[in-house]
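Asker: One file is attached below, target_24.csv, containing CSV, C-alpha atoms and all ligand atoms.
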```csv
chain,number,residue,atom,x,y,z
A,1,MET,CA,-19.2,5.4,11.1
A,2,ASP,CA,-21.5,2.4,10.9
A,3,GLU,CA,-20.4,-1.2,10.7
A,4,ILE,CA,-18.9,-2.3,7.4
A,5,LYS,CA,-21.6,-4.3,5.6
A,6,ILE,CA,-20.2,-7.5,3.9
A,7,THR,CA,-21.8,-9.2,0.8
A,8,LYS,CA,-19.9,-12.3,-0.1
A,9,ALA,CA,-19.2,-13.5,-3.7
A,10,THR,CA,-21.1,-16.7,-4.6
A,11,THR,CA,-18.0,-18.3,-6.1
A,12,SER,CA,-14.2,-17.7,-5.7
A,13,LYS,CA,-11.7,-17.1,-8.5
A,14,LEU,CA,-8.9,-18.4,-6.2
A,15,PRO,CA,-8.7,-22.0,-7.7
A,16,SER,CA,-8.2,-20.5,-11.2
A,17,VAL,CA,-5.1,-18.4,-10.2
A,18,ASP,CA,-1.6,-19.9,-10.8
A,19,PHE,CA,0.4,-18.6,-7.9
A,20,ASN,CA,3.6,-19.7,-9.6
A,21,ASN,CA,3.0,-17.2,-12.4
A,22,LEU,CA,1.5,-14.2,-10.9
A,23,GLY,CA,3.5,-11.4,-12.5
A,24,PHE,CA,2.4,-8.0,-11.1
A,25,GLY,CA,-1.2,-6.7,-10.9
A,26,ASN,CA,-2.7,-9.3,-13.2
A,27,PHE,CA,-5.2,-10.9,-10.8
A,28,PHE,CA,-7.7,-9.4,-8.4
A,29,THR,CA,-9.3,-11.0,-5.4
A,30,ASP,CA,-13.0,-11.8,-4.9
A,31,HIS,CA,-14.1,-8.7,-3.0
A,32,MET,CA,-13.5,-5.0,-2.8
A,33,PHE,CA,-14.1,-2.2,-0.2
A,34,VAL,CA,-16.2,0.8,-1.2
A,35,VAL,CA,-17.3,3.9,0.6
A,36,ASP,CA,-18.9,7.1,-0.6
A,37,TYR,CA,-18.4,10.8,0.3
A,38,ARG,CA,-21.2,13.2,0.0
A,39,ASP,CA,-22.6,16.2,1.9
A,40,GLY,CA,-19.3,16.5,3.7
A,41,GLU,CA,-19.2,13.0,5.2
A,42,TRP,CA,-18.3,9.4,4.5
A,43,GLY,CA,-21.0,6.8,4.6
A,44,ASN,CA,-22.2,3.3,3.4
A,45,ALA,CA,-19.0,1.5,3.8
A,46,GLU,CA,-19.3,-2.0,2.2
A,47,ILE,CA,-17.4,-5.0,1.1
A,48,VAL,CA,-18.9,-6.4,-2.1
A,49,PRO,CA,-17.9,-8.9,-4.8
A,50,TYR,CA,-15.1,-7.5,-7.0
A,51,GLY,CA,-16.7,-6.2,-10.2
A,52,PRO,CA,-17.5,-3.3,-12.5
A,53,ILE,CA,-18.8,0.0,-11.3
A,54,SER,CA,-20.8,2.3,-13.6
A,55,PHE,CA,-20.8,6.1,-14.0
A,56,GLU,CA,-22.1,8.6,-16.5
A,57,PRO,CA,-19.7,9.9,-19.2
A,58,ALA,CA,-19.4,13.3,-17.4
A,59,LEU,CA,-17.6,11.7,-14.4
A,60,SER,CA,-15.3,14.5,-13.2
A,61,ALA,CA,-12.3,12.2,-12.3
A,62,ILE,CA,-12.0,11.2,-16.0
A,63,HIS,CA,-12.0,14.7,-17.3
A,64,TYR,CA,-10.1,16.6,-14.6
A,65,GLY,CA,-8.1,14.0,-12.8
A,66,GLN,CA,-9.0,14.2,-9.1
A,67,SER,CA,-7.7,10.7,-8.5
A,68,ILE,CA,-5.1,9.5,-6.0
A,69,PHE,CA,-3.9,6.1,-4.8
A,70,GLU,CA,-1.5,4.1,-2.6
A,71,GLY,CA,0.4,0.9,-2.9
A,72,ILE,CA,0.8,-1.3,0.2
A,73,LYS,CA,1.7,-4.9,0.7
A,74,ALA,CA,0.2,-7.6,3.0
A,75,TYR,CA,2.3,-10.6,3.9
A,76,ARG,CA,1.9,-14.1,5.3
A,77,MET,CA,4.1,-14.1,8.4
A,78,LYS,CA,6.1,-17.1,9.5
A,79,ASP,CA,3.6,-17.8,12.3
A,80,GLY,CA,0.8,-18.0,9.7
A,81,SER,CA,-0.7,-14.7,10.5
A,82,ALA,CA,-1.5,-11.9,8.0
A,83,ALA,CA,0.2,-8.6,8.4
A,84,ILE,CA,0.2,-5.3,6.5
A,85,TYR,CA,3.5,-3.4,6.0
A,86,ARG,CA,3.6,0.1,7.4
A,87,PRO,CA,0.0,1.0,6.3
A,88,TYR,CA,-0.2,4.1,8.6
A,89,GLU,CA,2.7,5.7,6.7
A,90,ASN,CA,0.7,5.1,3.4
A,91,MET,CA,-2.4,6.5,5.0
A,92,LYS,CA,-0.6,9.7,6.0
A,93,ARG,CA,0.8,10.1,2.5
A,94,PHE,CA,-2.6,9.4,1.0
A,95,ASN,CA,-4.1,12.2,3.0
A,96,ARG,CA,-1.3,14.5,2.0
A,97,SER,CA,-2.1,13.7,-1.6
A,98,ALA,CA,-5.8,14.3,-0.9
A,99,LEU,CA,-5.0,17.8,0.5
A,100,ARG,CA,-2.9,18.7,-2.6
A,101,MET,CA,-5.6,17.6,-4.9
A,102,GLU,CA,-8.3,19.3,-2.9
A,103,MET,CA,-10.0,16.1,-2.0
A,104,PRO,CA,-11.4,15.0,1.4
A,105,GLU,CA,-9.2,13.1,3.9
A,106,VAL,CA,-10.0,9.4,4.5
A,107,PRO,CA,-10.2,8.7,8.2
A,108,GLU,CA,-8.2,5.8,9.8
A,109,GLU,CA,-11.3,3.7,10.5
A,110,LEU,CA,-11.9,3.6,6.8
A,111,PHE,CA,-8.4,3.4,5.4
A,112,ILE,CA,-6.8,1.0,8.0
A,113,GLY,CA,-10.2,-0.5,9.1
A,114,GLY,CA,-11.1,-1.1,5.4
A,115,ILE,CA,-7.8,-2.9,4.6
A,116,LYS,CA,-8.0,-5.0,7.8
A,117,LYS,CA,-11.6,-6.1,7.2
A,118,LEU,CA,-11.0,-6.9,3.5
A,119,LEU,CA,-7.9,-8.8,4.5
A,120,GLN,CA,-10.0,-10.9,6.9
A,121,VAL,CA,-12.3,-11.8,4.0
A,122,GLU,CA,-9.5,-12.4,1.6
A,123,ASN,CA,-7.0,-14.1,3.9
A,124,GLN,CA,-6.7,-17.2,1.6
A,125,TRP,CA,-5.3,-15.0,-1.2
A,126,ILE,CA,-2.1,-14.0,0.6
A,127,PRO,CA,0.7,-15.8,-1.3
A,128,ASP,CA,3.2,-17.9,0.8
A,129,GLU,CA,6.1,-17.8,-1.7
A,130,ILE,CA,9.1,-15.7,-0.9
A,131,GLU,CA,9.0,-12.2,-2.5
A,132,HIS,CA,5.3,-12.6,-3.2
A,133,ALA,CA,2.7,-10.6,-1.4
A,134,LEU,CA,-0.9,-9.4,-1.5
A,135,TYR,CA,-0.7,-5.9,-3.1
A,136,VAL,CA,-3.2,-3.5,-1.5
A,137,ARG,CA,-4.4,-0.7,-3.7
A,138,PRO,CA,-6.5,2.0,-1.9
A,139,PHE,CA,-7.7,4.7,-4.2
A,140,MET,CA,-10.1,7.7,-4.3
A,141,PHE,CA,-11.6,9.6,-7.2
A,142,SER,CA,-14.2,12.3,-7.7
A,143,THR,CA,-17.6,11.2,-8.8
A,144,ASP,CA,-19.4,14.5,-9.6
A,145,GLN,CA,-21.1,14.6,-13.0
A,146,VAL,CA,-20.1,18.2,-14.1
A,147,MET,CA,-18.2,20.0,-16.9
A,148,ARG,CA,-16.9,22.9,-14.9
A,149,VAL,CA,-13.3,22.7,-13.5
A,150,MET,CA,-13.9,22.7,-9.8
A,151,PRO,CA,-13.3,20.5,-6.8
A,152,ALA,CA,-16.0,17.8,-6.7
A,153,THR,CA,-18.4,17.4,-3.8
A,154,THR,CA,-18.7,13.6,-4.1
A,155,TYR,CA,-16.0,11.0,-4.0
A,156,LYS,CA,-15.5,7.2,-3.9
A,157,PHE,CA,-12.8,5.6,-1.8
A,158,MET,CA,-12.1,2.0,-2.7
A,159,ILE,CA,-9.6,-0.8,-1.8
A,160,ILE,CA,-8.8,-3.7,-4.1
A,161,PHE,CA,-6.2,-6.5,-3.7
A,162,SER,CA,-4.0,-8.3,-6.1
A,163,PRO,CA,-1.7,-11.2,-5.4
A,164,VAL,CA,1.7,-10.3,-6.9
A,165,GLY,CA,5.2,-11.4,-7.6
A,166,ALA,CA,8.1,-9.2,-8.4
A,167,TYR,CA,7.4,-5.9,-10.3
A,168,TYR,CA,10.9,-5.9,-11.8
A,169,ALA,CA,12.0,-9.5,-12.4
A,170,ALA,CA,15.4,-8.5,-13.8
A,171,PRO,CA,18.0,-5.7,-12.9
A,172,MET,CA,17.1,-2.4,-14.6
A,173,ARG,CA,18.7,-0.2,-17.2
A,174,LEU,CA,17.9,3.5,-16.8
A,175,TRP,CA,17.9,6.4,-19.2
A,176,VAL,CA,18.7,9.7,-17.6
A,177,GLU,CA,16.0,12.0,-18.9
A,178,GLN,CA,17.2,15.3,-20.5
A,179,LYS,CA,14.0,16.5,-22.2
A,180,PHE,CA,10.8,15.5,-20.4
A,181,VAL,CA,10.1,16.5,-16.8
A,182,ARG,CA,8.2,14.5,-14.1
A,183,ALA,CA,7.9,17.3,-11.5
A,184,ALA,CA,8.8,20.9,-10.8
A,185,GLU,CA,8.9,22.7,-7.5
A,186,GLY,CA,5.4,23.7,-6.5
A,187,GLY,CA,3.8,21.0,-8.6
A,188,VAL,CA,2.4,17.6,-7.6
A,189,GLY,CA,5.6,15.5,-7.7
A,190,ASN,CA,5.1,14.4,-4.1
A,191,ALA,CA,1.4,13.5,-4.5
A,192,LYS,CA,0.5,10.0,-5.6
A,193,THR,CA,-1.9,11.2,-8.2
A,194,ALA,CA,-2.9,9.4,-11.4
A,195,GLY,CA,-1.8,12.2,-13.7
A,196,ASN,CA,1.8,11.8,-12.7
A,197,TYR,CA,1.8,8.3,-14.0
A,198,ALA,CA,-0.1,9.2,-17.2
A,199,ALA,CA,2.5,11.9,-18.0
A,200,SER,CA,5.3,9.4,-17.6
A,201,LEU,CA,4.1,7.0,-20.2
A,202,HIS,CA,5.3,8.8,-23.3
A,203,PRO,CA,8.8,9.4,-21.9
A,204,PHE,CA,8.9,5.7,-20.8
A,205,ALA,CA,7.9,4.6,-24.3
A,206,VAL,CA,10.7,6.7,-25.8
A,207,ALA,CA,13.2,5.3,-23.4
A,208,LYS,CA,11.9,1.7,-24.1
A,209,LYS,CA,12.5,2.3,-27.9
A,210,ARG,CA,16.1,3.1,-27.0
A,211,GLY,CA,16.3,-0.2,-25.1
A,212,TYR,CA,15.9,1.1,-21.6
A,213,ASP,CA,13.5,-0.2,-18.9
A,214,GLN,CA,12.9,3.1,-17.0
A,215,VAL,CA,13.5,6.8,-17.0
A,216,LEU,CA,15.7,8.3,-14.3
A,217,TRP,CA,14.0,11.7,-13.9
A,218,THR,CA,16.0,14.9,-13.4
A,219,ASP,CA,15.1,18.4,-12.1
A,220,ALA,CA,13.0,20.7,-14.3
A,221,ASN,CA,15.4,23.7,-14.3
A,222,GLU,CA,18.7,22.2,-15.4
A,223,HIS,CA,18.2,18.4,-15.9
A,224,LYS,CA,21.2,18.1,-13.5
A,225,TYR,CA,19.8,16.7,-10.2
A,226,VAL,CA,18.4,13.2,-10.0
A,227,HIS,CA,14.8,12.9,-8.8
A,228,GLU,CA,13.4,9.3,-9.0
A,229,CYS,CA,12.1,6.7,-11.4
A,230,GLY,CA,8.4,7.3,-11.2
A,231,THR,CA,7.8,3.7,-10.0
A,232,MET,CA,10.5,3.9,-7.3
A,233,ASN,CA,13.0,6.1,-5.4
A,234,VAL,CA,16.7,5.7,-6.1
A,235,PHE,CA,19.8,5.1,-4.0
A,236,PHE,CA,23.5,5.2,-5.1
A,237,LEU,CA,26.4,3.7,-3.1
A,238,VAL,CA,29.2,6.2,-3.4
A,239,GLY,CA,32.4,5.8,-1.4
A,240,GLY,CA,30.6,3.4,1.0
A,241,LYS,CA,27.8,6.0,1.7
A,242,LEU,CA,24.3,5.8,0.3
A,243,LEU,CA,23.1,8.9,-1.5
A,244,THR,CA,19.4,9.5,-2.2
A,245,PRO,CA,17.6,12.7,-3.4
A,246,GLY,CA,16.2,14.7,-0.5
A,247,LEU,CA,12.5,15.4,0.0
A,248,ASP,CA,12.7,19.2,0.5
A,249,SER,CA,11.9,20.3,-3.0
A,250,GLY,CA,8.6,18.4,-3.0
A,251,THR,CA,9.3,16.9,-6.4
A,252,ILE,CA,9.7,13.3,-5.4
A,253,LEU,CA,7.4,10.8,-3.8
A,254,GLU,CA,8.1,10.3,-0.1
A,255,GLY,CA,8.5,6.5,-0.4
A,256,VAL,CA,7.7,4.3,2.6
A,257,THR,CA,10.2,1.7,1.4
A,258,ARG,CA,12.7,4.6,0.9
A,259,ASP,CA,12.3,5.4,4.6
A,260,SER,CA,12.6,1.7,5.5
A,261,VAL,CA,15.9,1.4,3.5
A,262,ILE,CA,17.3,4.5,5.3
A,263,GLN,CA,16.4,3.1,8.7
A,264,VAL,CA,17.8,-0.4,8.0
A,265,ALA,CA,20.9,1.0,6.4
A,266,GLY,CA,21.4,2.8,9.8
A,267,ASP,CA,21.2,-0.6,11.5
A,268,PHE,CA,24.0,-1.8,9.3
A,269,GLY,CA,26.1,1.3,10.1
A,270,ILE,CA,25.9,2.6,6.5
A,271,ALA,CA,25.7,6.4,6.4
A,272,VAL,CA,22.8,7.8,4.3
A,273,GLU,CA,22.9,11.3,2.8
A,274,GLU,CA,19.5,12.7,1.8
A,275,ARG,CA,20.3,15.7,-0.4
A,276,ASP,CA,20.6,17.0,-3.9
A,277,VAL,CA,22.5,14.5,-6.0
A,278,SER,CA,23.8,15.7,-9.3
A,279,ILE,CA,24.4,13.4,-12.2
A,280,ASP,CA,27.8,15.1,-12.6
A,281,GLU,CA,28.7,14.0,-9.1
A,282,LEU,CA,27.7,10.4,-9.9
A,283,VAL,CA,29.7,10.4,-13.2
A,284,GLN,CA,32.8,11.7,-11.4
A,285,ALA,CA,32.4,9.1,-8.6
A,286,TYR,CA,32.0,6.4,-11.2
A,287,GLN,CA,35.1,7.5,-13.1
A,288,ALA,CA,37.0,7.4,-9.8
A,289,GLY,CA,35.7,3.9,-9.1
A,290,GLN,CA,33.8,5.1,-6.0
A,291,PHE,CA,30.2,4.6,-7.4
A,292,THR,CA,29.7,0.9,-6.9
A,293,GLU,CA,26.0,0.2,-6.6
A,294,ALA,CA,22.6,1.6,-7.6
A,295,PHE,CA,19.1,0.4,-6.7
A,296,GLY,CA,15.5,1.6,-6.5
A,297,SER,CA,13.1,1.2,-3.7
A,298,GLY,CA,9.3,1.1,-3.7
A,299,THR,CA,6.3,-0.9,-2.5
A,300,ALA,CA,6.0,-2.7,-5.8
A,301,ALA,CA,9.7,-2.7,-6.7
A,302,THR,CA,10.8,-3.6,-3.1
A,303,VAL,CA,14.6,-3.2,-3.6
A,304,ALA,CA,15.4,-3.4,-7.3
A,305,LYS,CA,18.9,-3.5,-8.6
A,306,ILE,CA,20.0,-1.2,-11.4
A,307,GLU,CA,22.6,-2.5,-13.8
A,308,GLU,CA,23.1,0.4,-16.2
A,309,ILE,CA,22.6,4.2,-16.2
A,310,ASN,CA,22.9,6.0,-19.5
A,311,TYR,CA,23.6,9.7,-19.2
A,312,LYS,CA,23.9,11.4,-22.6
A,313,GLY,CA,25.7,8.3,-23.9
A,314,PHE,CA,28.0,7.9,-21.0
A,315,ILE,CA,27.2,4.5,-19.7
A,316,MET,CA,27.7,3.4,-16.1
A,317,THR,CA,27.3,-0.3,-15.4
A,318,PHE,CA,26.9,-2.2,-12.1
A,319,ASN,CA,27.3,-6.0,-11.8
A,320,PRO,CA,24.0,-7.2,-10.3
A,321,LEU,CA,25.9,-10.2,-8.9
A,322,ASN,CA,28.2,-7.9,-6.9
A,323,GLN,CA,25.8,-5.5,-5.1
A,324,PRO,CA,26.2,-6.6,-1.5
A,325,VAL,CA,24.6,-3.6,0.1
A,326,ALA,CA,21.4,-3.8,-2.1
A,327,ASP,CA,21.3,-7.6,-1.3
A,328,ALA,CA,21.7,-7.1,2.4
A,329,LEU,CA,19.0,-4.4,2.6
A,330,LYS,CA,16.6,-6.4,0.6
A,331,GLN,CA,17.2,-9.5,2.7
A,332,ARG,CA,16.8,-7.6,6.0
A,333,LEU,CA,13.5,-6.1,4.8
A,334,THR,CA,12.2,-9.5,3.6
A,335,GLU,CA,13.1,-11.1,6.9
A,336,ILE,CA,11.2,-8.3,8.8
A,337,ARG,CA,8.1,-8.6,6.5
A,338,ASP,CA,8.0,-12.4,6.7
A,339,GLY,CA,8.4,-12.4,10.5
A,340,VAL,CA,11.7,-14.2,10.5
A,341,LEU,CA,13.3,-11.3,12.4
A,342,PRO,CA,11.6,-9.5,15.3
A,343,ASP,CA,9.7,-6.4,14.2
A,344,THR,CA,11.4,-4.0,16.6
A,345,ARG,CA,9.9,-0.9,14.9
A,346,GLY,CA,6.3,-2.0,14.9
A,347,TRP,CA,6.1,-1.9,11.1
A,348,MET,CA,3.9,-5.0,10.7
A,349,VAL,CA,0.2,-4.4,11.5
A,350,LYS,CA,-1.8,-7.6,12.0
A,351,ALA,CA,-5.0,-7.9,10.0
A,352,ASP,CA,-6.9,-9.0,13.1
A,353,SER,CA,-5.5,-6.4,15.5
B,1,LIG,C1,3.9,1.1,-5.7
B,1,LIG,O1,5.1,0.9,-5.6
B,1,LIG,O2,3.1,0.6,-4.9
B,1,LIG,C2,3.4,2.0,-6.7
B,1,LIG,O3,2.4,2.5,-6.5
B,1,LIG,C3,4.1,2.2,-8.0
B,1,LIG,C4,3.3,1.7,-9.1
B,1,LIG,C5,3.9,2.1,-10.4
B,1,LIG,C6,3.1,0.2,-9.1
```
How would this structure read if it were set down as structure tokens?
Answerer:
Amino acid sequence: MDEIKITKATTSKLPSVDFNNLGFGNFFTDHMFVVDYRDGEWGNAEIVPYGPISFEPALSAIHYGQSIFEGIKAYRMKDGSAAIYRPYENMKRFNRSALRMEMPEVPEELFIGGIKKLLQVENQWIPDEIEHALYVRPFMFSTDQVMRVMPATTYKFMIIFSPVGAYYAAPMRLWVEQKFVRAAEGGVGNAKTAGNYAASLHPFAVAKKRGYDQVLWTDANEHKYVHECGTMNVFFLVGGKLLTPGLDSGTILEGVTRDSVIQVAGDFGIAVEERDVSIDELVQAYQAGQFTEAFGSGTAATVAKIEEINYKGFIMTFNPLNQPVADALKQRLTEIRDGVLPDTRGWMVKADS
């Protein structure tokens, strides 16, 4: 692979961005990373000014959906350095998604190398504020111009950055879905592919009309076992243990933050059970006073508290001001990411390493 060529933007948008009102995904930095796949190899890696890309209307990604992505965050560490949170885990997941969608793998020198190089160019864009980060969005889509349904022969892999605040600013209210399905065994539930998100939009809109923030997905066969929320994995504190749906069925996304929560919970001596979790089990535990906290985990969501779960009209509520386990996990992860605590697991990858 040749050197990454860099073409700098003539002006920066940085002075026009209000870092106190970022929201999530509203602003993009000055540059983007682009590399093309053709004739079985990646070539022409470049960093260029952020801006439009043009294609013919027959672009296969638009019609048949060969499109995958990742969500990663880069942080300003206490010592002033820039570090990326567990990007190798995201790279592995990205390449698993690529395999499932019959797309080429992206090698480390482009995935990790591209993020690091772009971060060196955009270093000024990393927010300093607590709970803010530079969101890193690597993505790949097919670029053939063809009407037949077939794996493309050409692809583009790109990385863009967005300075972000919290994805969910307030605790969430979830609707336990009993009609629509996010994923079935053998499907693409564990691939981070665009279509999964498109298919969730109508059920989300229906839940929103009912006054809920998110759908809590259940299994395709019986609507009995909890899966995830589509934007985050889920954890339930029952009898002092954390329960979270297991990965074996291939129907939920293998969250990097999910894995971090499991490891950090272990440090706190909290047992975590990764297994099928039925909604009936949760209802019974709630009625017995044993189900005391619920939260989601994700790159964008970080650790996001859940304050209500509605299952067929049975409402379980959780006081967001009294969720000590969620608070402790969130704080510990924040301290690792900000470099306040030592990074004993090697999760933080320095931009200049
Ligand atoms: C992430 O957490 O990074 C995701 O990709 C979820 C997306 C809905 C923002």
Asker: Residues up to 9 Å from ligand LIG 1 (chain B), counting all atoms listed in the file: could you list those as number ranges by chain?
Answerer: A: 24-25, 69-73, 135-137, 167, 192, 197, 230-232, 255, 257, 297-302
Asker: Place a sphere of radius 8 Å on (17.5, -7.8, -13.3) in the file coordinates and name every protein, DNA or RNA residue with an atom inside or on its surface, counting only C-alpha atoms; give the answer as JSON, numbers by chain.
Answerer: {"A": [168, 169, 170, 171, 172, 304, 305, 306, 307, 320]}
Asker: Please determine, counting only C-alpha atoms, which residue among A:Ser260, A:Pro15, A:Ser67, A:Tyr75 has the shortest atom-to-atom distance to Ala198 in chain A.
Answerer: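 Of A:Ser260, A:Pro15, A:Ser67, A:Tyr75, the one nearest Ala198 in chain A, counting only C-alpha atoms, is A:Ser67.
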Asker: Counting all atoms listed in the file, figure out which residue out of A:Val349, A:Phe28, A:Met101, A:Thr7 gets nearest to Gly195 in chain A.
Answerer: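 Of A:Val349, A:Phe28, A:Met101, A:Thr7, the one nearest Gly195 in chain A, counting all atoms listed in the file, is A:Met101.
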Asker: Could you state the separation of CA of Tyr225 in chain A and CA of Gly250 in chain A in Å, given to one decimal place?
Answerer: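 These two atoms are separated by 13.4 Å.
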Asker: Residues near Val17 in chain A, anyone? I mean within 10 Å using all atoms listed in the file, not counting same-chain ones fewer than 2 positions away, as an MDAnalysis selection string.
Answerer: chainID A and resid 13:15 19:22 26:29 125 163
Asker: Between A:His63, A:Lys241, A:His202, A:His223, which is the closest to Tyr311 in chain A once you count only C-alpha atoms?
Answerer: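 Nearest to Tyr311 in chain A: A:His223.
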Asker: Please measure the separation of CA of Glu273 in chain A and CA of Leu243 in chain A, giving the value in Å to one decimal.
Answerer: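 So the two atoms, CA of Glu273 in chain A and CA of Leu243 in chain A, lie 4.9 Å apart.
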Asker: Quote the spacing between CA of Glu335 in chain A and CA of Ile309 in chain A in Å to one decimal place.
Answerer: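 Pair CA of Glu335 in chain A / CA of Ile309 in chain A returns 29.3 Å.
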Asker: Pick from A:Val149, A:Met348, A:Ala207, A:Met316: nearest to Leu59 in chain A, with all atoms listed in the file counted?
Answerer: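 Counting all atoms listed in the file, the residue closest to Leu59 in chain A is A:Val149.
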Asker: I want to know what sits within 9 Å of Val176 in chain A, based on all atoms listed in the file, with residues of the same chain fewer than 5 positions away left out; could you give that as a list of chain:residue names?
Answerer: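 Here the answer would be A:Gln214, A:Val215, A:Leu216, A:Trp217, A:Thr218, A:His223, A:Val226, A:Ile279, A:Ile309, A:Asn310, A:Tyr311, A:Lys312.
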Asker: Could you write out the selected residues, including C-alpha atoms, as a PDB file, in the frame of the given file?
Answerer:
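Output contents, as saved in result.pdb:
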```pdb
ATOM      1  CA  GLN A 214      12.900   3.100 -17.000  1.00  0.00           C
ATOM      2  CA  VAL A 215      13.500   6.800 -17.000  1.00  0.00           C
ATOM      3  CA  LEU A 216      15.700   8.300 -14.300  1.00  0.00           C
ATOM      4  CA  TRP A 217      14.000  11.700 -13.900  1.00  0.00           C
ATOM      5  CA  THR A 218      16.000  14.900 -13.400  1.00  0.00           C
ATOM      6  CA  HIS A 223      18.200  18.400 -15.900  1.00  0.00           C
ATOM      7  CA  VAL A 226      18.400  13.200 -10.000  1.00  0.00           C
ATOM      8  CA  ILE A 279      24.400  13.400 -12.200  1.00  0.00           C
ATOM      9  CA  ILE A 309      22.600   4.200 -16.200  1.00  0.00           C
ATOM     10  CA  ASN A 310      22.900   6.000 -19.500  1.00  0.00           C
ATOM     11  CA  TYR A 311      23.600   9.700 -19.200  1.00  0.00           C
ATOM     12  CA  LYS A 312      23.900  11.400 -22.600  1.00  0.00           C
TER      13      LYS A 312
END
```
Asker: With distances taken over all atoms listed in the file, which of A:Ile252, A:Ile130, A:Leu341, A:Ala82 is nearest to Val188 in chain A?
Answerer: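 That would be A:Ile252, the residue with the smallest distance to Val188 in chain A.
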Asker: Would you place a box with edges along x, y and z of the file around all atoms of range 128-139 of chain A listed there, add 8 Å to each of its six sides, and report the centre and edge lengths in Å to one decimal, as AutoDock Vina command-line options?
Answerer:
```
--center_x 0.7 --center_y -6.6 --center_z -1.7 --size_x 32.8 --size_y 38.6 --size_z 21.0
```
Asker: Of the residues A:Leu333, A:Pro151, A:Glu129, A:His227, which is the one nearest to Ala166 in chain A, using only C-alpha atoms?
Answerer: A:Glu129
Asker: Just want the 12 Å neighbourhood of Met147 in chain A, counted on only C-alpha atoms, with same-chain residues fewer than 6 positions away dropped. Output as a list in words.
Answerer: Pro57, Ala58, Leu59, Ser60, Ala61, Ile62, His63 and Tyr64 of chain A
Asker: Which residues are close to Phe33 in chain A, i.e. within 7 Å by only C-alpha atoms, leaving aside same-chain residues fewer than 2 positions away? Reply as a list of chain:residue names.
Answerer: A:Val35, A:Glu46, A:Ile47, A:Val48, A:Gly114, A:Leu118, A:Met158, A:Ile159, A:Ile160
